[in-house]
Structures are given as structure tokens and as C-alpha cells.
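Participant: The structure file start_3.txt (compact mmCIF, C-alpha atoms and all ligand atoms) is provided below.
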# COMPACT_ATOMS: atom_id res chain seq x y z
CA MET R 441 113.82 -75.90 -74.91
CA GLN R 442 110.89 -77.13 -72.89
CA VAL R 443 110.40 -75.62 -69.43
CA THR R 444 108.14 -77.79 -67.27
CA LEU R 445 107.18 -77.77 -63.60
CA CYS R 446 109.12 -79.94 -61.17
CA GLU R 447 107.55 -82.04 -58.46
CA ASP R 448 106.90 -80.31 -55.16
CA ARG R 449 110.16 -79.98 -53.17
CA PRO R 450 111.76 -77.52 -50.73
CA ILE R 451 113.01 -74.40 -52.51
CA LEU R 452 115.11 -73.03 -49.65
CA THR R 453 117.72 -75.70 -48.82
CA PRO R 454 120.86 -75.86 -46.62
CA CYS R 455 124.11 -74.73 -48.23
CA SER R 456 127.52 -76.18 -47.39
CA LEU R 457 129.54 -73.19 -48.66
CA GLU R 458 131.56 -71.34 -46.04
CA GLY R 459 129.65 -68.46 -44.48
CA ILE R 460 126.37 -69.29 -46.27
CA ASN R 461 123.53 -71.17 -44.57
CA TYR R 462 120.95 -71.48 -47.35
CA GLN R 463 120.66 -71.69 -51.10
CA VAL R 464 117.88 -71.48 -53.67
CA ASP R 465 117.97 -73.22 -57.04
CA THR R 466 115.55 -71.23 -59.15
CA TYR R 467 115.56 -74.03 -61.76
CA VAL R 468 115.95 -77.80 -61.65
CA GLY R 469 118.40 -78.74 -64.38
CA CYS R 470 120.57 -76.43 -66.43
CA GLU R 471 120.16 -75.54 -70.06
CA HIS R 472 123.79 -74.44 -70.23
CA TYR R 473 124.66 -78.13 -70.35
CA CYS R 474 128.37 -77.99 -69.52
CA TYR R 475 129.56 -81.49 -70.34
CA TYR R 476 131.89 -81.56 -67.31
CA CYS R 477 129.15 -80.42 -64.88
CA TYR R 478 129.27 -82.12 -61.50
CA VAL R 479 125.47 -82.10 -61.31
CA LEU R 480 125.01 -83.84 -64.65
CA PRO R 481 125.17 -87.38 -63.19
CA GLN R 482 122.09 -86.53 -61.06
CA ALA R 483 120.14 -84.84 -63.86
CA GLU R 484 116.41 -85.50 -63.67
CA THR R 485 115.72 -84.52 -67.31
CA ASP R 486 117.69 -84.35 -70.55
CA TRP R 487 119.05 -80.81 -70.18
CA SER R 488 119.44 -80.41 -73.92
CA LYS R 489 115.65 -80.61 -74.21
CA GLU R 490 114.03 -79.91 -70.86
CA VAL R 491 114.63 -78.03 -67.63
CA GLN R 492 112.17 -77.49 -64.83
CA MET R 493 111.04 -74.70 -62.55
CA HIS R 494 109.08 -74.55 -59.31
CA ALA R 495 105.35 -73.83 -59.35
CA ASP R 496 104.36 -70.77 -57.27
CA ILE R 497 108.00 -70.13 -56.34
CA ILE R 498 107.32 -66.79 -54.69
CA GLU R 499 104.42 -67.91 -52.53
CA ARG R 500 106.21 -71.06 -51.39
CA LEU R 501 109.65 -69.50 -50.90
CA GLY R 502 107.98 -66.61 -49.09
CA ARG R 503 106.58 -69.05 -46.53
CA GLN R 504 109.92 -70.87 -46.15
CA LEU R 505 111.78 -67.58 -45.57
CA GLU R 506 109.51 -66.78 -42.62
CA SER R 507 111.35 -69.35 -40.49
CA ILE R 508 114.83 -67.76 -40.81
CA PRO R 509 116.28 -64.31 -40.09
CA PRO R 510 117.40 -62.11 -43.01
CA GLN R 511 120.76 -63.24 -44.35
CA THR R 512 122.61 -63.89 -47.61
CA ILE R 513 121.16 -66.64 -49.83
CA TYR R 514 123.26 -68.42 -52.46
CA LEU R 515 121.92 -68.82 -56.02
CA GLY R 516 123.75 -71.03 -58.53
CA TYR R 517 124.74 -74.22 -56.76
CA HIS R 518 122.96 -76.94 -58.76
CA SER R 519 121.83 -74.90 -61.78
CA ASP R 520 122.57 -71.54 -63.34
CA PRO R 521 120.07 -68.90 -62.20
CA TYR R 522 120.65 -67.04 -65.50
CA GLN R 523 120.38 -69.91 -67.97
CA PRO R 524 118.73 -68.79 -71.26
CA CYS R 525 115.10 -69.49 -70.22
CA GLU R 526 115.44 -67.00 -67.34
CA ALA R 527 115.10 -64.25 -69.96
CA TYR R 528 111.36 -65.09 -70.21
CA CYS R 529 110.63 -67.24 -67.12
CA LEU R 530 111.93 -64.57 -64.69
CA GLN R 531 112.12 -67.02 -61.79
CA THR R 532 115.44 -65.63 -60.58
CA ARG R 533 114.34 -62.01 -60.88
CA LYS R 534 111.18 -62.74 -58.87
CA VAL R 535 113.22 -64.51 -56.18
CA LEU R 536 115.65 -61.58 -55.95
CA GLU R 537 112.74 -59.14 -55.61
CA LEU R 538 111.30 -61.24 -52.78
CA LEU R 539 114.66 -61.52 -51.01
CA GLN R 540 115.24 -57.78 -51.26
CA GLN R 541 111.73 -56.95 -49.99
CA ARG R 542 112.29 -59.20 -46.96
CA GLY R 543 115.71 -57.71 -46.11
CA PHE R 544 117.76 -60.68 -47.39
CA SER R 545 120.77 -60.46 -49.68
CA ALA R 546 122.06 -62.74 -52.45
CA THR R 547 125.33 -64.09 -53.71
CA ILE R 548 125.11 -65.38 -57.26
CA LEU R 549 127.20 -67.66 -59.46
CA THR R 550 126.49 -67.65 -63.19
CA LYS R 551 127.98 -68.16 -66.65
CA SER R 552 125.73 -65.51 -68.18
CA ASP R 553 125.69 -61.74 -68.53
CA LEU R 554 121.89 -61.72 -68.09
CA VAL R 555 122.57 -60.95 -64.43
CA VAL R 556 123.21 -57.35 -65.51
CA ARG R 557 119.44 -57.04 -66.07
CA ASP R 558 118.87 -57.41 -62.31
CA LEU R 559 121.44 -54.90 -61.09
CA ASP R 560 118.64 -52.61 -59.92
CA ILE R 561 117.63 -55.20 -57.30
CA LEU R 562 121.18 -56.23 -56.39
CA GLN R 563 122.16 -52.60 -55.81
CA ALA R 564 119.28 -52.27 -53.35
CA MET R 565 120.56 -55.23 -51.28
CA GLU R 566 123.24 -54.97 -48.65
CA ARG R 567 126.26 -57.19 -49.39
CA ALA R 568 125.01 -58.62 -52.71
CA ALA R 569 127.73 -60.33 -54.77
CA VAL R 570 127.94 -61.72 -58.30
CA SER R 571 130.53 -64.20 -59.52
CA VAL R 572 131.04 -65.35 -63.08
CA SER R 573 132.56 -68.69 -63.93
CA VAL R 574 135.05 -68.97 -66.83
CA ALA R 575 137.41 -71.69 -68.04
CA PHE R 576 138.33 -70.95 -71.64
CA ASN R 577 140.49 -68.18 -73.04
CA ASP R 578 139.15 -67.95 -76.55
CA ASP R 579 135.63 -67.54 -77.83
CA HIS R 580 135.64 -70.84 -79.71
CA THR R 581 136.87 -73.59 -77.38
CA TYR R 582 134.19 -73.03 -74.76
CA ARG R 583 131.52 -74.15 -77.21
CA LEU R 584 133.01 -77.64 -77.26
CA PHE R 585 132.62 -78.07 -73.50
CA GLU R 586 129.67 -75.82 -72.60
CA ALA R 587 126.86 -76.28 -75.12
CA LYS R 588 124.75 -73.21 -74.45
CA THR R 589 126.80 -70.67 -72.54
CA ILE R 590 128.03 -67.32 -73.84
CA GLU R 591 131.57 -66.31 -74.78
CA THR R 592 134.18 -65.65 -72.10
CA SER R 593 134.56 -62.07 -73.35
CA ARG R 594 130.83 -61.39 -72.81
CA ARG R 595 130.95 -62.89 -69.31
CA ILE R 596 133.90 -60.68 -68.39
CA GLU R 597 132.16 -57.62 -69.84
CA GLY R 598 129.06 -58.47 -67.78
CA LEU R 599 131.17 -58.68 -64.65
CA ARG R 600 132.74 -55.33 -65.49
CA GLN R 601 129.23 -53.81 -65.56
CA VAL R 602 128.36 -55.42 -62.22
CA LYS R 603 131.49 -53.96 -60.66
CA ALA R 604 130.83 -50.54 -62.21
CA ALA R 605 127.37 -50.63 -60.59
CA GLY R 606 129.00 -50.97 -57.18
CA VAL R 607 128.06 -54.62 -56.55
CA LYS R 608 130.80 -56.91 -55.22
CA THR R 609 132.23 -59.20 -57.90
CA GLY R 610 134.01 -62.53 -57.99
CA SER R 611 135.06 -65.13 -60.49
CA LEU R 612 135.37 -68.87 -60.47
CA LEU R 613 138.23 -69.90 -62.77
CA CYS R 614 136.97 -73.43 -63.23
CA PRO R 615 137.50 -76.06 -64.43
CA ILE R 616 141.12 -75.76 -65.50
CA ILE R 617 141.62 -78.41 -68.17
CA PRO R 618 145.33 -79.29 -68.48
CA GLY R 619 146.71 -78.23 -71.86
CA VAL R 620 143.44 -76.49 -72.81
CA THR R 621 142.92 -73.76 -70.22
CA ASP R 622 145.61 -71.08 -70.04
CA ALA R 623 144.92 -70.26 -66.38
CA PRO R 624 147.55 -67.50 -65.92
CA ALA R 625 146.23 -65.63 -68.98
CA LEU R 626 142.64 -65.94 -67.77
CA LEU R 627 143.60 -64.80 -64.30
CA GLU R 628 145.20 -61.65 -65.74
CA ARG R 629 141.95 -60.89 -67.63
CA LEU R 630 139.81 -61.41 -64.52
CA ILE R 631 141.87 -59.36 -62.08
CA PRO R 632 140.54 -55.94 -63.26
CA VAL R 633 136.88 -56.99 -62.92
CA ALA R 634 136.77 -59.46 -60.01
CA ASP R 635 137.19 -58.46 -56.36
CA GLU R 636 137.88 -62.10 -55.43
CA ILE R 637 138.83 -65.14 -57.53
CA TRP R 638 138.68 -68.88 -56.83
CA VAL R 639 140.63 -71.32 -58.99
CA TYR R 640 139.77 -75.03 -59.33
CA GLY R 641 141.10 -77.77 -61.58
CA LEU R 642 139.08 -80.27 -63.56
CA SER R 643 138.11 -83.10 -61.23
CA PHE R 644 135.75 -86.05 -61.08
CA SER R 645 134.99 -88.51 -58.35
CA ALA R 646 135.49 -91.52 -60.65
CA GLN R 647 136.42 -92.42 -64.22
CA SER R 648 132.94 -93.87 -64.61
CA ASP R 649 131.30 -90.43 -64.05
CA GLN R 650 129.14 -89.39 -66.95
CA SER R 651 130.71 -85.92 -66.83
CA TRP R 652 134.23 -87.39 -67.27
CA GLN R 653 133.03 -89.65 -70.09
CA ASN R 654 131.60 -86.57 -71.86
CA THR R 655 134.77 -84.54 -71.30
CA ARG R 656 137.02 -87.39 -72.40
CA ASP R 657 135.05 -87.78 -75.65
CA ILE R 658 135.42 -84.06 -76.45
CA ILE R 659 139.18 -84.16 -75.74
CA ARG R 660 139.57 -87.33 -77.80
CA ARG R 661 137.83 -85.69 -80.77
CA HIS R 662 139.34 -82.21 -80.62
CA PHE R 663 142.61 -82.52 -78.65
CA PRO R 664 143.64 -86.17 -79.17
CA GLU R 665 147.30 -85.42 -78.35
CA LEU R 666 146.23 -84.24 -74.85
CA LEU R 667 144.01 -87.13 -73.82
CA GLU R 668 146.62 -89.25 -72.04
CA GLN R 669 148.08 -86.25 -70.19
CA VAL R 670 144.69 -84.92 -69.09
CA GLU R 671 143.60 -88.34 -67.82
CA GLN R 672 146.81 -88.77 -65.85
CA VAL R 673 146.71 -85.30 -64.32
CA VAL R 674 143.04 -85.42 -63.40
CA PHE R 675 143.15 -88.83 -61.78
CA THR R 676 146.57 -88.59 -60.07
CA LYS R 677 146.25 -86.97 -56.66
CA GLY R 678 148.99 -84.39 -56.12
CA HIS R 679 150.19 -84.49 -59.75
CA SER R 680 153.07 -82.06 -60.37
CA TYR R 681 151.02 -80.30 -63.08
CA TRP R 682 148.79 -78.89 -60.34
CA SER R 683 151.62 -77.90 -57.97
CA ASP R 684 153.53 -76.16 -60.80
CA LEU R 685 150.38 -74.33 -61.84
CA ALA R 686 149.63 -73.30 -58.27
CA LYS R 687 153.14 -71.81 -57.97
CA ASN R 688 152.65 -69.77 -61.17
CA LEU R 689 149.27 -68.50 -60.05
CA GLU R 690 150.63 -67.57 -56.62
CA ILE R 691 153.32 -65.42 -58.31
CA ILE R 692 150.63 -63.53 -60.26
CA LYS R 693 148.53 -63.19 -57.12
CA GLU R 694 151.43 -61.72 -55.13
CA LYS R 695 152.46 -59.40 -57.96
CA GLN R 696 148.92 -58.05 -58.34
CA ASN R 697 148.16 -58.14 -54.61
CA MET R 698 144.86 -59.86 -55.39
CA ASN R 699 142.37 -61.83 -53.36
CA VAL R 700 142.88 -65.14 -55.19
CA HIS R 701 142.26 -68.60 -53.70
CA VAL R 702 143.97 -71.43 -55.54
CA TYR R 703 142.57 -74.94 -55.02
CA VAL R 704 144.30 -77.00 -57.70
S1 LIG R 801 126.26 -73.63 -65.73
FE1 LIG R 801 126.87 -74.72 -63.89
S2 LIG R 801 125.09 -75.93 -63.29
FE2 LIG R 801 124.79 -75.30 -65.42
S3 LIG R 801 125.53 -77.02 -66.61
FE3 LIG R 801 127.21 -75.54 -66.39
S4 LIG R 801 128.37 -76.23 -64.59
FE4 LIG R 801 126.36 -77.26 -64.53
Write out the structure in this file as C-alpha cells.
Ligand code: SF4

Facilitator:
Amino acid sequence: MQVTLCEDRPILTPCSLEGINYQVDTYVGCEHYCYYCYVLPQAETDWSKEVQMHADIIERLGRQLESIPPQTIYLGYHSDPYQPCEAYCLQTRKVLELLQQRGFSATILTKSDLVVRDLDILQAMERAAVSVSVAFNDDHTYRLFEAKTIETSRRIEGLRQVKAAGVKTGSLLCPIIPGVTDAPALLERLIPVADEIWVYGLSFSAQSDQSWQNTRDIIRRHFPELLEQVEQVVFTKGHSYWSDLAKNLEIIKEKQNMNVHVYV
């Protein structure tokens, strides 16, 4: 994997997520290369070979932070802050150190357990939170859809360590692929380690999206009997598959008295 420098661009950018004003993408591009990724159609490099990072991220972000009061910054919107190259590039760790020194906090979304490395900084922040995204029940299927991520079991174990360290945890159960993802079973596994859970189905803006073309090819090769059903469910607004699933998940949520948000 080649890690190059991106062209000069703002590092601190507005964030549309509820309750969060700003985000930082510590990398441009994502080595995890999930074939369904919503950012993939806008990729600036071939993520299987090259991702980019910002030059002088600390100096430049430090200046940009001077114009806003301390608050929570989101990491993980357009790329994973703990993709494999973070182990030696340390861009995310340096950003967290800067945020903590300036009195800011962070809320992180990742598919990696590398976040456990930075618990020392997250524990020193007020209101830090870490969410882990999962979509596959077994430790084999995920490899078909997410080229370079780690197993679901390792992600859940990482989240368990985050929770044990006293940092708020969450999980994004996403994307639910009809016939492939056993969402109720995954939800049951996440409940002991996640303080809050968000559930989203597989969705694309159009059938021409590169991310749908990738996903369709994987389903055609490995789950040919599901292809027609998946295509119908994903591209039919209000399909009964989603309403039936939502009802099942709501039953689990009520039974476990959990903070679960279902958006399927
Ligand atoms: S980890 Fe997130 S940003 Fe990275 S490829 Fe997967 S879905 Fe996209």
C-alpha cells in the first residue's frame, strides 16, 4: 500500500451528523476498501493501491481549530481513521493528542480494533465515544465484501475493551444485506458491548453506482440464488423485507431495553 500526500485542502470540515458541527478525515481514501462503500464513487485514488494523508496535519489543523470553541469532533465519515496504515502513519493518534490538548473531544467510527491503542488519549477526553461498524455474522463472509478489514469477532472484542476502559461505545450495524446479514443475531452480540446501536440497510442512490455494481458482482458470484431478491429489496422503497426486519429488531430492543435506532 502506497501512502502519498494529498493536495492542500481544509482538514476541519463541517459535519452534517446530528449534534456534531465538525469532522476530520485523517486520511483521504480508505484502504479497507469495502466494495459497498458510499464514498467509493468519489475515490480520488485506487484504494487497493494508494491512500493519501495530509501534510503537516497537526500544524494546519491546529490553526483551523483556533477559530472554534472546544467541542466534539467526528472522525470516520469519509475514511476509516484506523485503516491499516494508521499503525505506522499515526495521523489519527496525532490528531487525537492535539484535540485532547486543546480541550476538544472526539467521536470515532471504525472497522478496526486499532482504536484500542489510543484509549489513553480517549480516556483523558470528556465525552469521547467509539463506535464499531459490523455487518457480517461469521468470520468468512466479511472478506468477500470488505477487502482489508478485520473479523467481526475482533471488532466486537475491541469494542469490549473500549467499554471496559470507561469510554462510551456504539455500533453501526450496517449495511444489512438481505439474505446475507443475520441482523437479529448480530444485534444480540452487540448489545453487551455497545451503549448505543444504529441499524441501516444496504442502500444505493442508483443502480449505476459503482458500489452497487461491486456488491452485485460479489452476490452474483457467491450467493447467486439471492441476487434477484437483494436487488428488489434494495431498490424498492418501503419493501416489506425492511418493515418485517424492523419489527423483529424492535422486539429485541424492547426485550433488552437497549438504546437501538433502526433505520431500515
Ligand atoms: S471502512 Fe468505511 S470509509 Fe472505509 S471503505 Fe469501508 S465503508 Fe468506506

Participant: Residues of chain R within 6 Å of ligand LIG 801 (chain R): nearest atom pair and distance (Å, one decimal) for each, counting all atoms listed in the file, sorted by chain and number, as a Markdown table?

Facilitator:
| residue | atom | partner | partner_atom | distance |
| --- | --- | --- | --- | --- |
| R:Cys470 | CA | R:LIG801 | FE2 | 4.5 |
| R:His472 | CA | R:LIG801 | S3 | 4.8 |
| R:Tyr473 | CA | R:LIG801 | S3 | 4.0 |
| R:Cys474 | CA | R:LIG801 | FE3 | 4.1 |
| R:Cys477 | CA | R:LIG801 | FE4 | 4.2 |
| R:Val479 | CA | R:LIG801 | FE4 | 5.9 |
| R:His518 | CA | R:LIG801 | S2 | 5.1 |
| R:Ser519 | CA | R:LIG801 | S2 | 3.7 |
| R:Asp520 | CA | R:LIG801 | FE2 | 4.8 |
| R:Lys551 | CA | R:LIG801 | S1 | 5.8 |

Participant: Write out as a PyMOL selection string the residues lying within 12 Å of range 670-674 of chain R, counting all atoms listed in the file and excluding same-chain residues fewer than 3 positions away.

Facilitator: chain R and resi 615-621+640-647+652-653+655-660+663-667+677-685+704

Participant: Around (140.7, -66.5, -69.4) in the file's own coordinates, what residues are found within 8 Å if you use all atoms listed in the file, given back as a list of chain:residue names?

Facilitator: R:Val574, R:Ala575, R:Phe576, R:Asn577, R:Asp578, R:Thr592, R:Leu613, R:Thr621, R:Asp622, R:Ala623, R:Pro624, R:Ala625, R:Leu626, R:Leu627, R:Glu628, R:Arg629, R:Leu630

Participant: Please determine, counting only C-alpha atoms, which residue among R:Ile508, R:Ile513, R:Val535, R:Leu501 has the shortest atom-to-atom distance to Gln463 in chain R.

Facilitator: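 Between R:Ile508, R:Ile513, R:Val535, R:Leu501, the residue approaching Gln463 in chain R most closely is R:Ile513.
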
Participant: Can you pull out every residue within 10 Å of Leu554 in chain R, counting all atoms listed in the file, but drop anything in the same chain fewer than 4 positions away, and send it as a tab-separated table (two decimals) with C-alpha atoms, in the frame of the given file?

Facilitator:
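Saved as result39.tsv:
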chain	number	residue	atom	x	y	z
R	521	PRO	CA	120.07	-68.90	-62.20
R	522	TYR	CA	120.65	-67.04	-65.50
R	523	GLN	CA	120.38	-69.91	-67.97
R	524	PRO	CA	118.73	-68.79	-71.26
R	526	GLU	CA	115.44	-67.00	-67.34
R	527	ALA	CA	115.10	-64.25	-69.96
R	550	THR	CA	126.49	-67.65	-63.19
R	558	ASP	CA	118.87	-57.41	-62.31
R	559	LEU	CA	121.44	-54.90	-61.09
R	595	ARG	CA	130.95	-62.89	-69.31
R	598	GLY	CA	129.06	-58.47	-67.78

Participant: Do you have the CA of Met565 in chain R-CA of Asn697 in chain R distance handy?

Facilitator: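 Rounded to one decimal, the two atoms are 28.0 Å apart.
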